[in-house]
Every structure is written in C-alpha cells, then in structure tokens.
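A.B. asks: So that you have it, the file is work.txt, and it contains compact mmCIF, C-alpha atoms:
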```txt
# COMPACT_ATOMS: atom_id res chain seq x y z
CA MET A 228 -18.93 138.25 65.06
CA ALA A 229 -16.97 136.34 62.42
CA ARG A 230 -15.66 138.79 59.81
CA HIS A 231 -17.18 136.92 56.86
CA LEU A 232 -20.67 137.21 58.45
CA LYS A 233 -20.67 141.02 58.70
CA PRO A 234 -21.88 141.61 55.11
CA LEU A 235 -24.60 139.02 55.72
CA PHE A 236 -25.87 140.79 58.84
CA GLN A 237 -25.64 144.23 57.27
CA ARG A 238 -28.23 143.28 54.64
CA TRP A 239 -30.13 140.74 56.71
CA SER A 240 -33.50 142.50 56.49
CA SER A 241 -33.19 142.60 52.66
CA ARG A 242 -32.98 138.82 52.40
CA VAL A 243 -35.76 136.50 51.29
CA PHE A 244 -36.24 133.12 52.96
CA SER A 245 -37.47 129.97 51.22
CA VAL A 246 -38.80 126.82 52.90
CA GLU A 247 -39.43 123.68 50.82
CA LEU A 248 -42.77 122.12 51.76
CA ASP A 249 -44.57 119.45 49.73
CA GLY A 250 -41.97 119.70 46.97
CA ALA A 251 -42.31 123.45 46.36
CA PRO A 252 -40.72 126.59 47.87
CA LEU A 253 -42.71 128.93 50.11
CA TYR A 254 -41.25 132.41 50.62
CA PHE A 255 -41.20 135.01 53.38
CA GLY A 256 -39.26 138.17 54.19
CA ILE A 257 -38.44 140.10 57.36
CA ARG A 258 -38.67 143.77 58.39
CA GLU A 259 -37.25 145.74 61.28
CA LYS A 260 -40.50 147.72 61.58
CA LEU A 261 -44.09 146.93 60.66
CA ARG A 262 -46.16 149.29 58.54
CA GLY A 263 -49.80 148.35 59.00
CA ALA A 264 -51.34 144.90 59.03
CA THR A 265 -49.70 142.09 57.05
CA VAL A 266 -50.85 138.75 55.70
CA LEU A 267 -49.39 135.68 57.39
CA PRO A 268 -46.85 133.97 55.05
CA ALA A 269 -47.98 130.54 53.88
CA VAL A 270 -45.20 128.67 55.69
CA PHE A 271 -46.54 129.95 59.05
CA SER A 272 -50.25 129.80 58.31
CA ARG A 273 -50.38 126.02 58.70
CA LEU A 274 -48.84 126.00 62.21
CA GLN A 275 -50.66 125.51 65.50
CA LYS A 276 -50.81 128.17 68.23
CA GLU A 277 -48.46 126.23 70.50
CA ASP A 278 -45.83 125.71 67.78
CA ARG A 279 -42.45 127.40 67.70
CA CYS A 280 -40.13 127.31 64.71
CA TYR A 281 -36.38 127.36 64.23
CA SER A 282 -33.96 127.63 61.33
CA LEU A 283 -30.29 126.90 60.77
CA LEU A 284 -28.32 128.46 57.91
CA VAL A 285 -24.84 127.24 57.00
CA CYS A 286 -22.60 130.22 56.21
CA SER A 287 -19.06 128.86 55.92
CA ARG A 288 -16.32 130.76 54.10
CA ASP A 289 -15.14 127.42 52.74
CA ARG A 290 -17.84 126.23 50.34
CA ILE A 291 -16.67 122.61 50.40
CA ARG A 292 -16.55 122.48 54.19
CA GLY A 293 -19.91 124.27 54.30
CA ASP A 294 -21.60 121.91 51.83
CA ARG A 295 -20.28 118.88 53.67
CA PHE A 296 -21.44 120.28 57.02
CA HIS A 297 -24.87 121.09 55.53
CA TRP A 298 -25.11 117.56 54.10
CA GLU A 299 -24.34 115.95 57.48
CA LEU A 300 -26.45 118.40 59.48
CA ARG A 301 -29.75 116.98 58.19
CA ASP A 302 -28.93 113.53 59.56
CA LYS A 303 -27.96 115.05 62.89
CA LEU A 304 -31.21 117.01 63.14
CA LEU A 305 -33.34 114.00 62.22
CA LYS A 306 -31.52 111.97 64.87
CA ASP A 307 -31.51 114.53 67.72
CA LEU A 308 -34.78 116.45 67.33
CA PRO A 309 -38.06 115.24 68.89
CA PRO A 310 -40.53 113.37 66.66
CA GLY A 311 -42.82 115.64 64.66
CA SER A 312 -40.23 118.38 64.11
CA ASP A 313 -40.79 118.13 60.33
CA VAL A 314 -37.31 119.14 59.20
CA ALA A 315 -37.56 120.97 55.85
CA THR A 316 -34.93 122.30 53.44
CA MET A 317 -34.48 126.06 53.69
CA SER A 318 -32.45 128.77 51.97
CA SER A 319 -31.95 132.52 52.20
CA PHE A 320 -30.89 134.85 49.39
CA LEU A 321 -30.81 138.37 48.05
CA PRO A 322 -33.13 138.57 45.02
CA ASP A 323 -31.27 138.41 41.68
CA GLU A 324 -27.85 138.56 43.38
CA LYS A 325 -25.59 135.71 42.30
CA GLY A 326 -23.65 133.97 45.03
CA SER A 327 -25.97 135.22 47.78
CA LEU A 328 -27.71 131.89 48.47
CA VAL A 329 -27.11 130.20 51.83
CA LYS A 330 -28.67 126.83 52.63
CA GLY A 331 -30.02 125.30 55.81
CA TYR A 332 -33.03 123.74 57.49
CA PHE A 333 -36.33 124.86 59.02
CA PHE A 334 -38.36 122.91 61.59
CA LYS A 335 -41.07 123.31 64.17
CA SER A 336 -41.48 122.36 67.83
CA ARG A 337 -44.12 122.18 70.52
CA ALA A 338 -43.58 124.65 73.35
CA GLU A 339 -42.78 121.86 75.82
CA ASN A 340 -39.84 120.74 73.63
CA SER A 341 -38.30 124.20 73.37
CA PRO A 342 -35.70 123.75 76.18
CA LEU A 343 -34.40 120.54 74.57
CA ILE A 344 -34.26 122.05 71.08
CA GLU A 345 -32.68 125.30 72.18
CA GLY A 346 -30.00 123.31 73.99
CA ILE A 347 -29.20 121.46 70.75
CA LEU A 348 -29.17 124.72 68.79
CA SER A 349 -27.02 126.48 71.37
CA ASP A 350 -24.34 123.84 70.86
CA LEU A 351 -24.63 124.20 67.07
CA GLU A 352 -24.50 127.99 67.26
CA HIS A 353 -20.94 127.75 68.56
CA THR A 354 -20.04 125.96 65.29
CA ASP A 355 -18.47 128.50 62.93
CA PRO A 356 -20.62 128.06 59.83
CA VAL A 357 -24.06 128.06 61.50
CA LEU A 358 -26.56 130.89 62.00
CA VAL A 359 -29.53 130.08 64.24
CA CYS A 360 -32.95 131.77 64.18
CA SER A 361 -36.02 131.13 66.31
CA TYR A 362 -39.57 132.16 65.39
CA SER A 363 -42.41 132.93 67.79
CA GLN A 364 -45.96 134.14 67.28
CA SER A 365 -48.00 136.89 68.92
CA GLU A 366 -50.80 136.11 71.35
CA ASP A 367 -53.45 136.38 68.64
CA GLY A 368 -51.39 134.22 66.25
CA GLN A 369 -51.50 136.88 63.51
CA GLN A 370 -47.84 137.95 63.62
CA TRP A 371 -44.59 136.02 63.77
CA THR A 372 -41.17 137.40 64.69
CA GLN A 373 -37.73 136.08 63.80
CA SER A 374 -34.95 136.22 66.40
CA LEU A 375 -31.46 135.98 64.92
CA TRP A 376 -29.10 134.56 67.52
CA SER A 377 -25.75 136.30 67.74
CA HIS A 378 -23.45 134.49 70.14
CA ALA A 379 -20.64 136.99 69.64
CA GLU A 380 -22.84 139.96 70.59
CA LYS A 381 -24.67 138.03 73.33
CA LYS A 382 -28.07 139.15 72.08
CA GLN A 383 -30.84 138.28 69.66
CA MET A 384 -31.80 140.61 66.85
CA LYS A 385 -35.56 140.63 66.27
CA PHE A 386 -37.43 141.11 62.98
CA TYR A 387 -41.05 140.91 61.90
CA VAL A 388 -41.92 138.09 59.49
CA VAL A 389 -43.76 139.37 56.39
CA PRO A 390 -44.92 137.89 53.07
CA SER A 391 -42.56 137.94 50.10
CA GLU A 392 -43.23 137.51 46.41
CA ALA A 393 -41.75 134.48 44.72
CA PRO A 394 -38.61 135.35 42.73
CA LYS A 395 -38.69 135.10 38.96
CA HIS A 396 -36.67 131.88 39.13
CA HIS A 397 -35.83 129.34 41.81
CA PRO A 398 -33.17 130.72 44.22
CA SER A 399 -30.87 127.71 43.64
CA ALA A 400 -30.07 129.20 40.23
CA LEU A 401 -28.12 131.97 42.01
CA ASN A 402 -25.36 129.56 43.13
CA MET A 403 -25.60 126.90 40.42
CA ILE A 404 -22.53 127.70 38.30
CA ASN A 405 -19.47 125.65 39.32
CA SER A 406 -21.31 124.31 42.34
CA ASP A 407 -24.15 122.23 40.90
CA VAL A 408 -22.90 122.30 37.31
CA PHE A 409 -19.24 122.68 36.36
CA TYR A 410 -18.16 124.57 33.25
CA SER A 411 -14.42 123.91 33.20
CA LEU A 412 -12.06 121.12 34.13
CA ASP A 413 -10.06 123.48 36.35
CA GLU A 414 -13.11 124.31 38.49
CA ALA A 415 -14.01 120.64 38.97
CA CYS A 416 -10.41 119.68 39.76
CA ASP A 417 -10.12 122.50 42.28
CA VAL A 418 -13.00 121.01 44.29
CA LEU A 419 -11.55 117.49 44.22
CA LYS A 420 -8.07 118.69 45.19
CA LYS A 421 -9.51 120.37 48.29
CA CYS A 422 -11.16 117.07 49.31
CA GLY A 423 -7.95 115.04 49.44
CA ASP A 424 -7.69 115.11 53.23
CA ILE A 425 -11.26 113.89 53.79
CA ILE A 426 -11.69 111.66 50.70
CA PRO A 427 -8.41 109.84 49.95
CA GLU A 428 -9.95 108.39 46.77
CA THR A 429 -9.79 111.81 45.10
CA GLN A 430 -6.05 111.34 44.53
CA SER A 431 -6.75 108.23 42.44
CA VAL A 432 -9.42 110.08 40.46
CA LEU A 433 -7.13 113.03 39.78
CA ARG A 434 -4.45 110.70 38.44
CA MET A 435 -6.92 109.70 35.71
CA LEU A 436 -7.13 113.26 34.40
CA PRO A 437 -6.62 113.78 30.67
CA SER A 438 -3.72 115.68 29.12
CA ARG A 439 -6.14 118.31 27.77
CA VAL A 440 -4.24 118.45 24.48
CA ASP A 441 -6.61 119.57 21.69
CA ALA A 442 -9.62 119.20 23.99
CA ARG A 443 -11.82 121.14 21.55
CA ARG A 444 -10.33 119.98 18.26
CA LYS A 445 -12.79 118.82 15.61
CA PRO A 446 -12.94 115.00 15.55
CA ASP A 447 -11.91 113.27 12.32
CA PHE A 448 -15.02 111.06 12.46
CA PRO A 449 -18.49 111.99 13.77
CA VAL A 450 -19.23 111.73 17.48
CA ILE A 451 -22.85 110.83 18.31
CA VAL A 452 -24.13 111.06 21.88
CA ILE A 453 -27.28 109.20 22.96
CA GLU A 454 -29.07 110.73 25.97
CA GLY A 455 -32.27 109.96 27.86
CA LEU A 456 -33.74 108.81 31.15
CA ASP A 457 -33.15 105.27 32.41
CA ALA A 458 -35.05 102.55 30.53
CA THR A 459 -35.55 104.60 27.36
CA GLY A 460 -33.43 102.14 25.35
CA LYS A 461 -30.03 103.85 25.32
CA THR A 462 -27.99 100.67 25.79
CA THR A 463 -29.83 98.76 23.05
CA LEU A 464 -29.57 101.69 20.64
CA THR A 465 -25.92 102.51 21.28
CA GLU A 466 -24.87 98.88 20.79
CA SER A 467 -26.91 98.65 17.57
CA LEU A 468 -25.37 101.89 16.27
CA ARG A 469 -21.90 100.58 17.05
CA ASP A 470 -22.57 97.47 14.98
CA SER A 471 -24.34 99.30 12.13
CA LEU A 472 -21.70 102.01 11.71
CA GLY A 473 -18.57 100.08 12.66
CA ALA A 474 -18.16 102.63 15.44
CA THR A 475 -16.46 102.68 18.82
CA LEU A 476 -18.83 102.70 21.81
CA LEU A 477 -17.91 104.74 24.90
CA ARG A 478 -19.85 105.44 28.08
CA SER A 479 -19.89 108.35 30.49
CA PRO A 480 -18.92 108.22 33.28
CA PRO A 481 -16.08 106.10 31.92
CA GLN A 482 -15.43 102.58 33.14
CA CYS A 483 -12.15 103.65 34.74
CA LEU A 484 -14.13 105.62 37.39
CA SER A 485 -16.60 102.83 38.25
CA THR A 486 -14.56 101.76 41.28
CA TRP A 487 -15.23 105.10 42.99
CA ARG A 488 -18.80 105.93 41.91
CA ALA A 489 -20.49 104.52 45.01
CA ARG A 490 -18.02 106.43 47.20
CA PHE A 491 -18.72 109.80 45.57
CA ASP A 492 -22.47 109.21 45.34
CA ARG A 493 -22.49 109.42 49.16
CA GLU A 494 -20.94 112.89 49.14
CA PRO A 495 -22.68 116.30 49.11
CA PRO A 496 -23.63 117.73 45.71
CA ILE A 497 -20.60 119.94 45.09
CA ILE A 498 -18.18 117.01 45.51
CA ARG A 499 -20.37 114.51 43.67
CA ARG A 500 -20.89 116.89 40.74
CA ALA A 501 -17.17 117.63 40.49
CA PHE A 502 -16.45 113.89 40.29
CA TYR A 503 -18.91 113.38 37.42
CA ALA A 504 -17.66 116.53 35.67
CA VAL A 505 -14.13 115.13 35.66
CA GLY A 506 -15.59 111.95 34.19
CA ASN A 507 -16.82 113.91 31.17
CA TYR A 508 -13.32 115.22 30.47
CA ILE A 509 -11.83 111.73 30.74
CA THR A 510 -14.48 110.55 28.27
CA ALA A 511 -13.62 113.49 25.99
CA GLU A 512 -9.99 112.36 25.93
CA GLN A 513 -11.12 108.86 24.95
CA ILE A 514 -13.35 110.35 22.23
CA CYS A 515 -10.41 112.30 20.80
CA GLN A 516 -8.34 109.13 20.57
CA GLU A 517 -11.05 106.91 19.09
CA SER A 518 -12.55 109.45 16.67
CA ALA A 519 -9.27 109.55 14.78
CA LYS A 520 -10.01 105.96 13.68
CA SER A 521 -13.80 105.57 13.40
CA PRO A 522 -17.16 107.12 14.31
CA VAL A 523 -17.80 107.22 18.07
CA ILE A 524 -21.07 106.49 19.87
CA VAL A 525 -21.29 107.81 23.45
CA ASP A 526 -23.84 106.57 26.00
CA ARG A 527 -24.49 109.82 27.93
CA PHE A 528 -22.20 112.82 28.22
CA TRP A 529 -22.31 116.37 29.61
CA HIS A 530 -26.03 116.78 28.87
CA SER A 531 -26.88 114.13 31.48
CA THR A 532 -24.48 115.54 34.06
CA ALA A 533 -25.93 119.03 33.69
CA ALA A 534 -29.62 118.11 33.30
CA TYR A 535 -29.73 115.95 36.43
CA ALA A 536 -27.79 118.53 38.46
CA ILE A 537 -30.05 121.42 37.43
CA ALA A 538 -33.23 119.40 37.99
CA THR A 539 -32.05 118.29 41.44
CA ALA A 540 -30.99 121.76 42.60
CA VAL A 541 -34.37 123.24 41.62
CA THR A 542 -37.67 122.01 43.09
CA GLY A 543 -41.29 122.35 42.01
CA PRO A 544 -42.62 122.65 38.45
CA VAL A 545 -40.66 123.17 35.23
CA SER A 546 -41.37 126.91 35.45
CA ASN A 547 -38.90 127.07 38.38
CA LEU A 548 -35.97 126.10 36.14
CA PRO A 549 -33.52 128.82 35.05
CA HIS A 550 -35.01 130.55 32.01
CA ASP A 551 -34.47 129.18 28.53
CA GLY A 552 -31.22 130.68 27.20
CA SER A 553 -29.67 131.03 30.68
CA GLU A 554 -25.91 130.62 30.93
CA VAL A 555 -26.41 127.49 33.06
CA TYR A 556 -27.39 125.61 29.87
CA CYS A 557 -24.24 126.60 27.93
CA TRP A 558 -21.72 123.93 26.96
CA PRO A 559 -18.31 124.21 28.73
CA SER A 560 -15.83 126.10 26.59
CA ASP A 561 -13.01 123.59 27.24
CA LEU A 562 -15.00 120.38 26.55
CA LEU A 563 -15.17 118.57 23.20
CA GLN A 564 -18.51 119.06 21.44
CA PRO A 565 -20.21 116.04 19.82
CA SER A 566 -21.39 116.14 16.22
CA LEU A 567 -24.94 115.08 17.14
CA VAL A 568 -26.91 114.54 20.37
CA VAL A 569 -30.04 112.38 20.33
CA LEU A 570 -32.44 112.51 23.29
CA LEU A 571 -34.62 109.40 23.63
CA THR A 572 -38.04 110.05 25.18
CA LEU A 573 -40.64 107.56 26.33
CA ASP A 574 -44.15 107.58 27.75
CA PRO A 575 -43.82 107.43 31.59
CA GLU A 576 -46.00 104.33 31.90
CA GLU A 577 -43.93 102.42 29.34
CA ARG A 578 -40.70 103.55 31.01
CA THR A 579 -42.02 102.31 34.38
CA ARG A 580 -42.95 98.94 32.83
CA ARG A 581 -39.44 98.57 31.42
CA LEU A 582 -37.89 99.50 34.77
CA ARG A 583 -39.79 96.70 36.50
CA ASN A 584 -37.94 94.24 34.30
CA ARG A 585 -34.58 95.60 35.42
CA GLY A 586 -33.05 94.68 38.77
CA LEU A 587 -30.06 97.01 38.60
CA MET A 588 -28.89 99.18 41.50
CA LYS A 589 -29.96 102.80 41.08
CA THR A 590 -28.58 106.12 42.34
CA ASP A 591 -30.78 108.32 44.52
CA GLU A 592 -31.55 110.48 41.48
CA GLU A 593 -32.61 107.48 39.41
CA GLN A 594 -34.92 106.33 42.22
CA GLU A 595 -36.36 109.85 42.39
CA LEU A 596 -37.20 109.63 38.67
CA ASP A 597 -39.36 106.58 39.33
CA HIS A 598 -41.87 108.29 41.64
CA ASN A 599 -41.53 112.04 41.13
CA LYS A 600 -43.20 113.33 37.98
CA LEU A 601 -42.06 116.92 38.58
CA PHE A 602 -38.45 115.77 38.78
CA ARG A 603 -38.79 113.79 35.54
CA ASP A 604 -40.30 116.82 33.83
CA ARG A 605 -37.46 119.07 35.04
CA VAL A 606 -34.78 116.63 33.86
CA GLU A 607 -36.29 116.27 30.39
CA GLU A 608 -36.80 120.02 29.99
CA ALA A 609 -33.24 120.73 31.16
CA TYR A 610 -32.00 118.31 28.49
CA ARG A 611 -33.93 120.23 25.84
CA ARG A 612 -32.61 123.63 26.94
CA ILE A 613 -28.91 122.79 26.79
CA ILE A 614 -27.24 124.58 23.89
CA GLY A 615 -24.05 123.94 21.94
CA PRO A 616 -25.10 121.35 20.77
CA LEU A 617 -28.86 121.02 21.09
CA CYS A 618 -30.57 117.66 21.67
CA ILE A 619 -32.68 116.23 18.86
CA THR A 620 -35.61 114.36 20.41
CA VAL A 621 -36.55 110.88 19.19
CA ASP A 622 -39.58 108.93 20.42
CA ALA A 623 -38.33 105.60 21.80
CA SER A 624 -41.79 103.98 21.99
CA PRO A 625 -41.61 102.00 18.69
CA SER A 626 -39.62 98.78 18.35
CA ALA A 627 -35.87 98.91 18.84
CA ASP A 628 -35.33 98.34 15.11
CA LEU A 629 -37.58 101.25 14.11
CA VAL A 630 -35.83 103.56 16.59
CA LEU A 631 -32.46 102.45 15.18
CA GLN A 632 -33.55 103.20 11.61
CA GLN A 633 -34.83 106.64 12.60
CA VAL A 634 -31.57 107.53 14.35
CA LEU A 635 -29.49 106.21 11.44
CA LEU A 636 -31.42 108.56 9.12
CA LEU A 637 -30.61 111.45 11.46
CA ILE A 638 -26.93 110.54 11.54
CA ARG A 639 -26.71 110.30 7.76
CA ALA A 640 -28.45 113.64 7.36
CA LYS A 641 -26.53 115.52 10.05
CA CYS A 642 -23.14 113.80 9.96
CA HIS A 643 -22.98 112.80 6.27
CA LEU A 644 -22.20 109.17 7.02
```
Here is a file; write its structure as structure tokens.

C.D. replies:
Amino acid sequence: MARHLKPLFQRWSSRVFSVELDGAPLYFGIREKLRGATVLPAVFSRLQKEDRCYSLLVCSRDRIRGDRFHWELRDKLLKDLPPGSDVATMSSFLPDEKGSLVKGYFFKSRAENSPLIEGILSDLEHTDPVLVCSYSQSEDGQQWTQSLWSHAEKKQMKFYVVPSEAPKHHPSALNMINSDVFYSLDEACDVLKKCGDIIPETQSVLRMLPSRVDARRKPDFPVIVIEGLDATGKTTLTESLRDSLGATLLRSPPQCLSTWRARFDREPPIIRRAFYAVGNYITAEQICQESAKSPVIVDRFWHSTAAYAIATAVTGPVSNLPHDGSEVYCWPSDLLQPSLVVLLTLDPEERTRRLRNRGLMKTDEEQELDHNKLFRDRVEEAYRRIIGPLCITVDASPSADLVLQQVLLLIRAKCHL
C-alpha cells in the first residue's frame, strides 16, 4: 500500500461519499458491521436489480498531478465504458475536516458488462493516484456493499452501504482555499511554476508577474470596479465612466494575458484558477501605476475570479454555498483593494435577450450561465458575500444613461469625486 494512502484507509469507514446526480449531491456512508435494518441511500434506490456500480477516487500526493489526472479521467471513462454507464461526479470526505476531500467518478453497469469494466478498472488500479471500489446488491435488493480494491494487499475490503446525512455545507468547501480560489500571489505562482514541464506557456505568464512593490498601498485617486454577469452592461458603463470622470479604464484579466487564455481554459480548475489569480495581481500593478495620475475604472477584478470559482466548485442551490462570513469570501491580504465595487444585476430574461444579440465566444462557465439558473444564483450570491470590500448592487435594467447617472452618484458619495 502506498504510504500516503494509509491514513485514508485507517479512517475509511468514517468517510462520507457524495454522488452528483441531476445537479445536486446525494450522500451515503459505509459501515464495517450492520446494526439492524437500514434505509437504502437515494443514489442506490433508483438502480435496477441487475445493475452493478463502481467508483474511482483520485488520491495523488501531488495535487496538481492529481487534478490533471482527474480532469483527463472523465474523458477516458466516457470513451472506454459501455453506453448507459452514466458517469457522475463523485467525492469522498471526512465531515468538517479541511483538506479531506478526494474527487472521482461513480458509474453503473449491467451485469453482462462487468468483465469488460473490471478489466478497465484493473488497469487503472495500477495507476498510483486511483482507488477503485465496486458495489453490489443483496439478493433482495435491500442492501448494497462496497468493495474497496487493494492491489497491494491482493484483497478487497468490504463495507455495508448506509444512509448519511447531508453535511452542513457542500463538501467542496473543504478544499476550496488555494485550490479553487487563491488568496495570495505566492500560492498561485507556486501552482504555475509546477506546471512548467507540462504547460510551457506558464513561463511566459510568470514573466509578466508584477514587482509587488506597495501592492496594498492606498491609491492616490479612487479605484472603481464594475462587476456583474455577462450582458449586464459592464462594457457600456465602464467606457461611459471613463469618459465622464476622465479616468483610466483597465480590464481583468489584463490584455497582456489574452494570448494564453484559451490555453489555460482547457486546463483543470487548479491550474486555470491560478492563471486568473495571477491576472488579478498584474491588473493590481497596473492600477497602482495609473491611480497615481487619475481615477481608475476596472472591468472585473477579484470578485469575479472568486465568485465564479466558488459557484463552479459547489453544486445545487444557493444554500450549498459556504456560509455567509466564511473565510472563502475574504479578500486576499496581499492584493490592492478598490475604493468601490459596483455589482450590476439584471432580470434573467432581459440578460438572455441581450446575449442573443452578441456573437462573442464564451468560456464554459459563461455558457453554463445561459442555461443553468442554479449556477447563476450561486454566482450572484457569491458576489454579494465577498467582503473587503463589499459589492454595492445596482439594477442595470433601466437605460444605459440612467444606470450611468446612478453609478456616478454612488461614486461621488463614496469616493468624494
């Protein structure tokens, strides 16, 4: 057994397992012994008698290698598994224990496909970061057991599958800090530096890094950030504010990183998030330079980076987000703070109408916004929960001129311009 897996196995029966079905997590636990009758967990109650289930959990010591392997594993499973396997996202964690989350996939199979699937899984089990489990049901279909494959010990450890209460917050929150959201330049740079051998472009990105001199100094002129979902009118407003205030207009991520955005958008979350985090610090350096001469308007900043990352890591309704006041919403201590942050909001139907008139290429997250109401709700609520500084919400439904006048009043009141 690999040394880094021993602590995992020692507390295996204390772990909770989560399977994402229909956009929401379903939970189950395991026990070495049964005490009386149990209710069938929801994830197993919808299966047929002839179904078998399997799971793969990626448990690498190297989080970057593990995240990349996990990212590529889904494509491999979708390609190699028989039709109808219904590959679903899965995770396992120790309740309320930070850093305990491991990610993987869960899928089902008809009995006649078991030899093919177990051959595929046997090959994967020899891969260092993967733990394989199979699940089978009793004759009466009322009890499922989990078999944890252990290649090193040449045996399978068996556990009874039992119901588990949902945790207070989504399990992704346990591993969110400096994986989904970065809170220092050093943490983001550390990830990119470790990617140099697999992503040569990281060297070019790292050469763009700021000097970090006076990163948190108070700007001479106000810095106003405009946030909001796509098609809420950010571009129109920021350009109008620039002209009205004689300000400098900056955008995040900065133009100097545009060459590499498509490349990093194809990478797993930890690498992609590190890239965009570095972009915020490059923008902060530009803000420091420009705010010595005039007010600065910024089209998106750290709020967007964090809100989208948090909303993507968590699934289901807004109630699954980390609680209001959680440390995940705190502004990075080494990043320049703007004087004012305005969050533009818009009725979903009006936003959709505006999007139809735009033919621009979108990221996966922007496409998800278009058809997933729960995701939109999570993004907007994550924006509102970020502290230091808070977002001030402005309704973007009126005409562009009325929105401009409202924001100018805010700026004059808050920034004394």

A.B. asks: To one decimal place in Å, what is the distance between CA of Glu366 (chain A) and CA of Val388 (chain A)?

C.D. replies: 14.9 Å

A.B. asks: Residues of region 232-319 of chain A that approach region 537-550 of chain A to 10 Å or less, counting all atoms listed in the file: could you list each one with the shortest pair of atoms and its distance in Å to one decimal, rows by chain and increasing residue number, as a Markdown table?

C.D. replies:
```
| residue | atom | partner | partner_atom | distance |
| --- | --- | --- | --- | --- |
| A:Glu247 | CA | A:Thr542 | CA | 8.1 |
| A:Leu248 | CA | A:Gly543 | CA | 9.9 |
| A:Asp249 | CA | A:Gly543 | CA | 8.9 |
| A:Gly250 | CA | A:Gly543 | CA | 5.7 |
| A:Ala251 | CA | A:Gly543 | CA | 4.6 |
| A:Pro252 | CA | A:Gly543 | CA | 7.3 |
```

A.B. asks: Between A:Glu517, A:Asp313, A:Asp551, A:Glu277, which one has atoms that come closest to His396 (chain A), using only C-alpha atoms?

C.D. replies: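 Result for the nearest residue to His396 (chain A): A:Asp551.
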
A.B. asks: Have a look at A:Phe409, A:Phe296, A:Tyr556, A:Phe386 and name the one nearest to Asn507 (chain A); count all atoms listed in the file.

C.D. replies: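 Going through A:Phe409, A:Phe296, A:Tyr556, A:Phe386 one by one, the smallest distance to Asn507 (chain A) is for A:Phe409.
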
A.B. asks: Hey, can you check how far CA of Thr463 (chain A) sits from CA of Gly506 (chain A)?

C.D. replies: 22.4 Å

A.B. asks: Would you list the contacts of region 573-579 of chain A as an NGL selection string, taking every protein, DNA or RNA residue within 6 Å and counting all atoms listed in the file, but skipping same-chain residues closer than 5 positions in sequence?

C.D. replies: :A and (458-459 or 623-624)

A.B. asks: Between CA of Cys618 (chain A) and CA of Ile497 (chain A), what distance in Å does the model show, to one decimal?

C.D. replies: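 Computed distance, CA of Cys618 (chain A) to CA of Ile497 (chain A), equals 25.6 Å.
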
A.B. asks: Which one of A:Val285, A:Ile509, A:Ser341, A:Arg499 sits closest to Arg434 (chain A) if you count all atoms listed in the file?

C.D. replies: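 Among the listed residues, the smallest separation from Arg434 (chain A) belongs to A:Ile509.
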
A.B. asks: Which of these, A:Thr465, A:Lys306, A:Ser245, A:Val270, has the shortest distance to Phe320 (chain A) once you count all atoms listed in the file?

C.D. replies: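 Looking at the shortest contact to Phe320 (chain A), the residue is A:Ser245.
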
A.B. asks: Using all atoms listed in the file for the distances, tell me which of A:Leu300, A:Val525, A:Leu477, A:Val389 is nearest to Val569 (chain A).

C.D. replies: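 Result for the nearest residue to Val569 (chain A): A:Val525.
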
A.B. asks: I need every residue sitting at most 10 Å from the point (-29.8, 121.1, 24.2) (coordinates as in the file, all atoms listed in the file considered), written as number ranges by chain.

C.D. replies: A: 530, 534, 556-558, 568-570, 608-620

A.B. asks: Find the spatial neighbours of Tyr254 (chain A), counting only C-alpha atoms, within a cut-off of 12 Å - ignore same-chain residues fewer than 3 positions away - and output them as a list in words.

C.D. replies: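 My list of contacting residues is Arg242, Val243, Phe244, Ser245, Val246, Glu247, Leu248, Ala251, Ile257, Leu267, Pro268, Ala269, Val270, Phe271, Met317, Ser318, Ser319, Phe320, Pro322, Val388, Val389, Pro390, Ser391, Glu392, Ala393, Pro394, His397 and Pro398 of chain A.
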
A.B. asks: Could you check which of A:Asp457, A:Phe491, A:Phe334, A:Ile498 is closest to Leu582 (chain A), using all atoms listed in the file?

C.D. replies: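 Closest to Leu582 (chain A), using all atoms listed in the file: A:Asp457.
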
A.B. asks: Counting all atoms listed in the file, what is within 12 Å of His643 (chain A), bar same-chain residues fewer than 5 positions away, as a short mmCIF file (atom, residue, chain, number, x, y, z; two decimals) with C-alpha atoms, in the frame of the given file?

C.D. replies:
```cif
data_model
loop_
_atom_site.label_atom_id
_atom_site.label_comp_id
_atom_site.auth_asym_id
_atom_site.auth_seq_id
_atom_site.Cartn_x
_atom_site.Cartn_y
_atom_site.Cartn_z
CA PHE A 448 -15.02 111.06 12.46
CA PRO A 449 -18.49 111.99 13.77
CA VAL A 450 -19.23 111.73 17.48
CA PRO A 522 -17.16 107.12 14.31
CA SER A 566 -21.39 116.14 16.22
CA LEU A 567 -24.94 115.08 17.14
CA LEU A 635 -29.49 106.21 11.44
CA LEU A 636 -31.42 108.56 9.12
CA LEU A 637 -30.61 111.45 11.46
CA ILE A 638 -26.93 110.54 11.54
#
```

A.B. asks: Given the point (-25.8, 124.2, 68.3) in the file's coordinates, find the residues that have an atom at most 12 Å from it, counting all atoms listed in the file, and give them as number ranges by chain.

C.D. replies: A: 281-285, 300, 303-304, 307-308, 343-360, 376, 378

A.B. asks: So that I can check the surroundings of Asp622 (chain A), please list as a list in words every protein, DNA and RNA residue that reaches within 8 Å of it, counting all atoms listed in the file and ignoring chain neighbours fewer than 4 positions away.

C.D. replies: Leu571, Thr572, Leu573 and Val630 of chain A
